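Listing of coords.cif; format and content: mmCIF, C-alpha atoms (C1' of nucleotides).
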data_model
#
loop_
_atom_site.label_atom_id
_atom_site.label_comp_id
_atom_site.auth_asym_id
_atom_site.auth_seq_id
_atom_site.Cartn_x
_atom_site.Cartn_y
_atom_site.Cartn_z
CA MET A 1064 -16.97 -15.58 9.19
CA SER A 1065 -15.83 -13.77 12.25
CA LYS A 1066 -12.99 -16.20 11.92
CA SER A 1067 -11.79 -13.68 9.35
CA ALA A 1068 -8.54 -13.83 11.21
CA VAL A 1069 -7.09 -10.46 11.83
CA SER A 1070 -3.44 -11.05 12.52
CA PRO A 1071 -2.78 -11.52 16.26
CA ALA A 1072 -0.53 -8.51 16.41
CA LEU A 1073 -3.25 -6.37 14.96
CA THR A 1074 -5.99 -7.39 17.33
CA ASP A 1075 -4.09 -5.74 20.12
CA LEU A 1076 -4.04 -2.52 18.22
CA THR A 1077 -7.65 -2.53 17.20
CA ALA A 1078 -8.46 -2.00 20.85
CA ASP A 1079 -9.59 1.47 21.79
CA THR A 1080 -6.25 2.29 23.30
CA PRO A 1081 -5.24 5.79 22.27
CA CYS A 1082 -1.94 4.31 21.20
CA CYS A 1083 0.87 5.94 19.34
CA PRO A 1084 1.53 9.66 19.15
CA PRO A 1085 1.43 11.32 15.72
CA LEU A 1086 4.01 10.20 13.23
CA ALA A 1087 5.31 13.74 12.99
CA GLN A 1088 5.76 14.11 16.71
CA SER A 1089 8.10 11.25 17.51
CA ARG A 1090 9.81 8.64 15.44
CA ILE A 1091 7.72 5.51 14.99
CA PRO A 1092 9.30 2.36 16.42
CA ALA A 1093 10.01 -0.38 13.92
CA GLU A 1094 7.47 -2.76 15.45
CA THR A 1095 4.71 -0.18 15.29
CA ALA A 1096 5.52 0.48 11.66
CA THR A 1097 5.45 -3.24 10.95
CA VAL A 1098 2.03 -3.60 12.55
CA LEU A 1099 0.39 -0.49 11.06
CA ALA A 1100 1.87 -0.47 7.57
CA PRO A 1101 -0.45 -3.28 6.38
CA ALA A 1102 -3.46 -1.11 7.22
CA PHE A 1103 -2.14 1.72 5.05
CA LYS A 1104 -1.23 -0.79 2.38
CA ALA A 1105 -4.80 -2.06 2.38
CA LEU A 1106 -6.03 1.48 1.78
CA GLY A 1107 -3.43 1.93 -0.94
CA ASP A 1108 -5.62 0.59 -3.71
CA PRO A 1109 -8.31 2.74 -5.33
CA VAL A 1110 -10.88 -0.04 -5.28
CA ARG A 1111 -10.28 -0.83 -1.61
CA LEU A 1112 -10.30 2.85 -0.68
CA GLN A 1113 -13.73 3.18 -2.28
CA LEU A 1114 -14.92 -0.03 -0.66
CA MET A 1115 -13.72 1.25 2.70
CA SER A 1116 -15.58 4.49 2.17
CA MET A 1117 -18.76 2.75 1.08
CA ILE A 1118 -18.62 0.54 4.16
CA ALA A 1119 -17.69 3.26 6.63
CA SER A 1120 -20.27 5.71 5.35
CA ALA A 1121 -23.08 3.21 5.02
CA ALA A 1122 -26.40 4.06 6.57
CA GLY A 1123 -26.97 1.72 9.49
CA GLY A 1124 -23.24 1.18 9.76
CA GLU A 1125 -23.17 -1.82 7.48
CA VAL A 1126 -23.38 -2.82 3.83
CA CYS A 1127 -24.28 -5.98 2.03
CA VAL A 1128 -21.65 -7.36 -0.36
CA CYS A 1129 -24.47 -7.53 -2.86
CA ASP A 1130 -24.54 -3.72 -2.79
CA LEU A 1131 -20.78 -3.37 -3.08
CA THR A 1132 -20.08 -5.68 -5.99
CA PRO A 1133 -22.27 -4.01 -8.62
CA ALA A 1134 -20.62 -0.65 -7.90
CA PHE A 1135 -17.47 -1.75 -9.71
CA ASP A 1136 -16.51 -3.07 -13.11
CA LEU A 1137 -14.85 -6.04 -11.48
CA SER A 1138 -15.73 -9.68 -10.99
CA GLY A 1139 -17.27 -10.96 -7.77
CA PRO A 1140 -14.17 -12.91 -6.78
CA THR A 1141 -12.04 -9.82 -7.21
CA ILE A 1142 -14.25 -7.73 -4.94
CA SER A 1143 -14.29 -10.59 -2.45
CA HIS A 1144 -10.51 -10.66 -2.55
CA HIS A 1145 -10.28 -6.94 -1.82
CA LEU A 1146 -12.75 -7.29 1.05
CA LYS A 1147 -10.61 -10.06 2.48
CA THR A 1148 -7.61 -7.77 2.31
CA LEU A 1149 -9.49 -5.09 4.25
CA ARG A 1150 -10.59 -7.72 6.77
CA GLU A 1151 -7.08 -9.04 7.30
CA ALA A 1152 -5.84 -5.51 7.75
CA GLY A 1153 -8.30 -5.17 10.61
CA LEU A 1154 -10.17 -2.37 8.92
CA VAL A 1155 -13.54 -4.06 8.59
CA ASP A 1156 -15.60 -6.86 10.05
CA ALA A 1157 -17.87 -9.27 8.21
CA GLU A 1158 -20.96 -11.04 9.41
CA ARG A 1159 -23.17 -13.50 7.57
CA ARG A 1160 -26.90 -13.17 8.06
CA GLY A 1161 -28.93 -15.57 6.00
CA SER A 1162 -27.72 -15.64 2.44
CA TRP A 1163 -26.02 -12.31 2.65
CA VAL A 1164 -22.78 -11.06 4.15
CA TYR A 1165 -22.59 -7.64 5.74
CA TYR A 1166 -19.47 -5.56 6.29
CA ARG A 1167 -18.91 -2.85 8.88
CA ALA A 1168 -15.99 -0.53 9.59
CA ARG A 1169 -13.80 -0.80 12.69
CA PRO A 1170 -13.67 2.80 13.88
CA ALA A 1171 -10.91 2.20 16.42
CA ILE A 1172 -8.22 1.42 13.88
CA LEU A 1173 -9.38 4.18 11.55
CA ARG A 1174 -9.03 6.63 14.41
CA GLN A 1175 -5.63 5.22 15.14
CA LEU A 1176 -4.44 5.75 11.58
CA ALA A 1177 -5.92 9.24 11.51
CA GLY A 1178 -4.17 10.06 14.77
CA LEU A 1179 -0.89 8.83 13.42
CA LEU A 1180 -1.13 11.19 10.45
CA THR A 1181 -2.31 14.14 12.47
CA ILE A 1182 -0.16 17.19 12.12
CA ASP A 1183 0.26 19.89 14.70
CA PRO A 1184 -1.62 22.93 13.28
CA ALA A 1185 1.36 25.03 14.34
CA ALA A 1186 3.52 23.23 11.82
CA VAL A 1187 3.40 25.05 8.51
CA MET B 1239 16.06 17.42 -7.47
CA SER B 1240 12.91 19.42 -7.05
CA LYS B 1241 12.16 17.91 -10.40
CA SER B 1242 11.19 14.92 -8.29
CA ALA B 1243 8.01 14.96 -10.28
CA VAL B 1244 4.95 14.55 -8.18
CA SER B 1245 2.26 13.37 -10.55
CA PRO B 1246 0.29 16.32 -11.98
CA ALA B 1247 -2.97 15.09 -10.46
CA LEU B 1248 -1.38 15.05 -7.05
CA THR B 1249 0.04 18.52 -7.13
CA ASP B 1250 -3.48 19.87 -7.21
CA LEU B 1251 -4.28 17.99 -4.06
CA THR B 1252 -1.17 18.93 -2.19
CA ALA B 1253 -2.55 22.44 -2.06
CA ASP B 1254 -3.91 23.57 1.26
CA THR B 1255 -7.47 23.12 0.12
CA PRO B 1256 -9.47 21.46 2.89
CA CYS B 1257 -10.63 19.00 0.29
CA CYS B 1258 -12.65 15.89 0.76
CA PRO B 1259 -14.92 15.14 3.69
CA PRO B 1260 -14.06 12.13 5.84
CA LEU B 1261 -14.21 8.75 4.16
CA ALA B 1262 -16.81 7.63 6.68
CA GLN B 1263 -19.06 10.60 6.04
CA SER B 1264 -19.73 10.32 2.34
CA ARG B 1265 -18.71 7.86 -0.29
CA ILE B 1266 -15.42 8.73 -1.94
CA PRO B 1267 -15.65 9.40 -5.68
CA ALA B 1268 -13.64 7.08 -7.88
CA GLU B 1269 -11.31 9.85 -9.06
CA THR B 1270 -10.53 10.93 -5.51
CA ALA B 1271 -9.73 7.35 -4.60
CA THR B 1272 -7.49 7.06 -7.64
CA VAL B 1273 -5.59 10.18 -6.67
CA LEU B 1274 -5.24 9.51 -2.95
CA ALA B 1275 -4.68 5.76 -2.90
CA PRO B 1276 -1.04 6.11 -4.02
CA ALA B 1277 -0.31 8.18 -0.91
CA PHE B 1278 -1.66 5.44 1.35
CA LYS B 1279 0.17 2.88 -0.72
CA ALA B 1280 3.41 4.74 -0.16
CA LEU B 1281 2.82 4.57 3.59
CA GLY B 1282 1.98 0.89 3.29
CA ASP B 1283 5.52 -0.35 3.77
CA PRO B 1284 7.16 -0.55 7.20
CA VAL B 1285 10.39 0.99 5.99
CA ARG B 1286 8.65 3.90 4.30
CA LEU B 1287 6.39 4.46 7.28
CA GLN B 1288 9.44 4.77 9.49
CA LEU B 1289 11.19 7.00 6.96
CA MET B 1290 8.11 9.20 6.82
CA SER B 1291 8.08 9.46 10.59
CA MET B 1292 11.78 10.22 10.80
CA ILE B 1293 11.37 12.95 8.22
CA ALA B 1294 8.18 14.45 9.63
CA SER B 1295 9.41 14.46 13.19
CA ALA B 1296 12.88 15.74 12.43
CA ALA B 1297 14.18 18.67 14.40
CA GLY B 1298 14.41 21.64 12.05
CA GLY B 1299 11.85 20.05 9.80
CA GLU B 1300 14.36 18.26 7.64
CA VAL B 1301 16.69 15.29 7.61
CA CYS B 1302 19.79 14.40 5.66
CA VAL B 1303 19.67 11.12 3.74
CA CYS B 1304 22.96 10.40 5.42
CA ASP B 1305 21.06 10.22 8.70
CA LEU B 1306 18.28 8.06 7.32
CA THR B 1307 20.27 5.36 5.59
CA PRO B 1308 22.25 4.07 8.58
CA ALA B 1309 19.01 3.64 10.56
CA PHE B 1310 18.12 0.57 8.51
CA ASP B 1311 19.68 -2.75 7.61
CA LEU B 1312 19.21 -1.95 3.96
CA SER B 1313 21.43 -0.84 1.13
CA GLY B 1314 21.71 2.81 0.11
CA PRO B 1315 19.96 2.23 -3.21
CA THR B 1316 17.05 0.59 -1.44
CA ILE B 1317 16.56 3.54 0.91
CA SER B 1318 16.88 5.89 -2.04
CA HIS B 1319 14.22 3.90 -3.86
CA HIS B 1320 11.82 4.18 -0.91
CA LEU B 1321 12.46 7.90 -0.65
CA LYS B 1322 11.66 8.25 -4.33
CA THR B 1323 8.38 6.46 -3.72
CA LEU B 1324 7.51 8.88 -0.92
CA ARG B 1325 8.47 11.78 -3.17
CA GLU B 1326 6.33 10.58 -6.07
CA ALA B 1327 3.43 10.12 -3.69
CA GLY B 1328 3.74 13.79 -2.83
CA LEU B 1329 4.47 13.07 0.81
CA VAL B 1330 7.94 14.58 0.98
CA ASP B 1331 10.19 17.06 -0.75
CA ALA B 1332 13.90 16.77 -1.40
CA GLU B 1333 16.51 19.45 -1.71
CA ARG B 1334 20.19 19.12 -2.41
CA ARG B 1335 22.56 21.41 -0.50
CA GLY B 1336 26.17 20.75 -1.26
CA SER B 1337 26.97 17.09 -1.12
CA TRP B 1338 23.93 16.19 0.94
CA VAL B 1339 20.25 15.82 0.19
CA TYR B 1340 17.65 16.88 2.73
CA TYR B 1341 14.08 15.64 2.95
CA ARG B 1342 11.10 17.42 4.48
CA ALA B 1343 7.49 16.41 4.96
CA ARG B 1344 4.59 18.01 3.10
CA PRO B 1345 2.13 18.71 5.92
CA ALA B 1346 -0.76 19.56 3.61
CA ILE B 1347 -1.16 16.10 2.18
CA LEU B 1348 -0.63 14.46 5.56
CA ARG B 1349 -3.44 16.58 6.96
CA GLN B 1350 -5.56 15.61 4.00
CA LEU B 1351 -5.05 11.92 4.61
CA ALA B 1352 -5.69 12.34 8.33
CA GLY B 1353 -8.89 14.22 7.57
CA LEU B 1354 -10.05 11.49 5.25
CA LEU B 1355 -9.66 8.89 7.98
CA THR B 1356 -11.22 11.02 10.66
CA ILE B 1357 -14.16 9.40 12.38
CA ASP B 1358 -17.01 11.24 14.01
CA PRO B 1359 -16.50 10.75 17.78
CA ALA B 1360 -20.21 10.00 18.02
CA ALA B 1361 -19.73 6.85 15.99
CA VAL B 1362 -18.87 3.98 18.29
"C1'" DT C 258 -33.45 -33.73 -0.20
"C1'" DG C 259 -32.40 -31.10 -4.21
"C1'" DT C 260 -31.78 -26.86 -6.29
"C1'" DC C 261 -30.87 -21.92 -6.47
"C1'" DG C 262 -28.38 -17.73 -5.39
"C1'" DA C 263 -24.82 -15.29 -2.71
"C1'" DA C 264 -20.19 -15.24 -1.43
"C1'" DT C 265 -15.70 -17.26 -0.92
"C1'" DT C 266 -11.82 -20.15 -2.22
"C1'" DC C 267 -8.82 -22.17 -5.68
"C1'" DG C 268 -5.59 -22.13 -9.62
"C1'" DA C 269 -3.56 -19.60 -13.17
"C1'" DT C 270 -1.49 -15.46 -15.33
"C1'" DG C 271 0.51 -11.05 -16.23
"C1'" DT C 272 2.13 -7.01 -13.53
"C1'" DT C 273 4.14 -4.60 -9.77
"C1'" DT C 274 7.26 -4.36 -5.88
"C1'" DG C 275 11.39 -4.74 -2.70
"C1'" DT C 276 15.91 -5.72 -2.81
"C1'" DC C 277 20.63 -5.84 -4.29
"C1'" DG C 278 25.25 -4.76 -6.76
"C1'" DA C 279 27.22 -2.12 -10.42
"C1'" DA C 280 27.40 1.99 -12.68
"C1'" DA C 281 26.55 6.91 -13.14
"C1'" DC C 282 26.04 11.49 -11.30
"C1'" DC C 283 27.36 15.50 -8.70
"C1'" DA C 284 29.46 18.68 -5.55
"C1'" DA C 285 33.64 19.51 -2.71
"C1'" DG C 286 38.59 19.68 -2.00
"C1'" DG C 287 43.04 18.46 -3.00
"C1'" DC D 719 41.71 18.25 -13.25
"C1'" DC D 720 41.24 14.32 -10.73
"C1'" DT D 721 39.78 11.91 -6.76
"C1'" DT D 722 36.61 11.06 -3.09
"C1'" DG D 723 32.19 10.54 -0.75
"C1'" DG D 724 27.13 11.00 -0.87
"C1'" DT D 725 23.14 9.92 -3.60
"C1'" DT D 726 20.56 8.33 -7.39
"C1'" DT D 727 19.76 5.45 -11.53
"C1'" DC D 728 20.06 1.04 -13.95
"C1'" DG D 729 19.40 -3.92 -14.63
"C1'" DA D 730 18.18 -8.11 -12.64
"C1'" DC D 731 15.43 -11.30 -9.93
"C1'" DA D 732 12.38 -13.46 -6.59
"C1'" DA D 733 8.21 -12.50 -4.02
"C1'" DA D 734 3.79 -10.41 -3.72
"C1'" DC D 735 -0.37 -8.64 -6.04
"C1'" DA D 736 -4.71 -7.81 -8.98
"C1'" DT D 737 -7.48 -10.05 -11.78
"C1'" DC D 738 -10.18 -13.65 -13.84
"C1'" DG D 739 -13.05 -18.16 -14.52
"C1'" DA D 740 -14.04 -22.51 -12.38
"C1'" DA D 741 -15.09 -24.91 -8.42
"C1'" DT D 742 -16.76 -24.85 -3.68
"C1'" DT D 743 -19.42 -23.63 0.42
"C1'" DC D 744 -23.36 -22.14 2.77
"C1'" DG D 745 -28.26 -20.73 3.65
"C1'" DA D 746 -32.92 -20.58 2.08
"C1'" DC D 747 -36.74 -22.54 0.35
"C1'" DA D 748 -39.41 -25.53 -2.58
#
Represent the structure of the file as structure tokens.
Amino acid sequence: MSKSAVSPALTDLTADTPCCPPLAQSRIPAETATVLAPAFKALGDPVRLQLMSMIASAAGGEVCVCDLTPAFDLSGPTISHHLKTLREAGLVDAERRGSWVYYRARPAILRQLAGLLTIDPAAV
Amino acid sequence: MSKSAVSPALTDLTADTPCCPPLAQSRIPAETATVLAPAFKALGDPVRLQLMSMIASAAGGEVCVCDLTPAFDLSGPTISHHLKTLREAGLVDAERRGSWVYYRARPAILRQLAGLLTIDPAAV
DNA sequence: TGTCGAATTCGATGTTTGTCGAAACCAAGG
DNA sequence: CCTTGGTTTCGACAAACATCGAATTCGACA
């Protein structure tokens, strides 16, 4: 399950390196954009944005898929597909324990995305 | 040009209201996800992410389309299409002055997105 | 070992997206 | 007024996506 194969390029960036200055401070290099865009894309769906929030805000830092699925009017496979998308974007990690699978957020990349969007308070 | 029609729901959110607590702090309501996801989606393409950065980091706070287009190996219509996507997501504003069109970032919504992704430093 | 339940993978389908060239629009200057 | 250059809109098309039901995998536990 931990095989959940984050793309090689992404693994580098999920490290706790401060990385990239804010998007509004200096022009993003093409490679950086190519690597980070998929993370934004993954958050660009209402269902996945909610899933991400449910996972990231979960008490204990993790959530069982069995708690995520019933929160939506969607089939199990569809939720599983969205979770895979979040996984491949490097936003979450999955771990199987017994019959259940638990998801947790990857704070490093979330911080990275937040940092990228950060705007100098001086800027109107 | 200012007609560039941000969806009505979005205009509310582009206000400077602090809005929404971080995604990792409390579960995002479905409506909030529905309203904000399109903004992330718009940033979820490498070309648009670069465009956004070029616009947001521009000296003087604005950039001419004529400076954006030649920075990519893409046709004019394609760049224009991406700019429209950013506009409709409420991320940028366009203004025509003479023959040229200038784009500027909308800091409020960027701050909002950044805030949503913000992670409590205490969280590992 | 056989079955049950949880989750993922597979295959199919209708929709959305990124891209282009052609055409239209619009302001500036001859 | 007519042309020219910058930008957007239109129409088309292949690739990617969201969704589902069916089939599969994987532990747990009789």
Check: which chain A residues lie within 8 Å of chain D using all atoms listed in the file, as a list in words:
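So the contacting residues turn out to be Ser1138, Thr1141, Gly1161 and Ser1162 of chain A.
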Using all atoms listed in the file, tabulate the residues of chain C lying at most 10 Å from any atom of chain A, each with its closest atom pair and that distance in Å to one decimal, by chain and increasing residue number, as CSV.
residue,atom,partner,partner_atom,distance
C:DG262,C1',A:Ser1162,CA,8.1
C:DA263,C1',A:Ser1162,CA,5.9
C:DA264,C1',A:Val1164,CA,7.4
C:DT265,C1',A:Ser1143,CA,7.0
C:DT266,C1',A:Pro1140,CA,8.9
Please indicate the distance in Å from CA of Pro1101 (chain A) to CA of Ser1264 (chain B), rounded to one decimal place.
23.9 Å
Output as number ranges by chain the set of chain B residues within 10 Å of chain A, with distances taken over only C-alpha atoms.
B: 1260-1297, 1299, 1310, 1343-1359, 1361-1362
Just how far from C1' of DT272 (chain C) is CA of Ala1332 (chain B), in Å to one decimal?
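It comes out at 29.2 Å.
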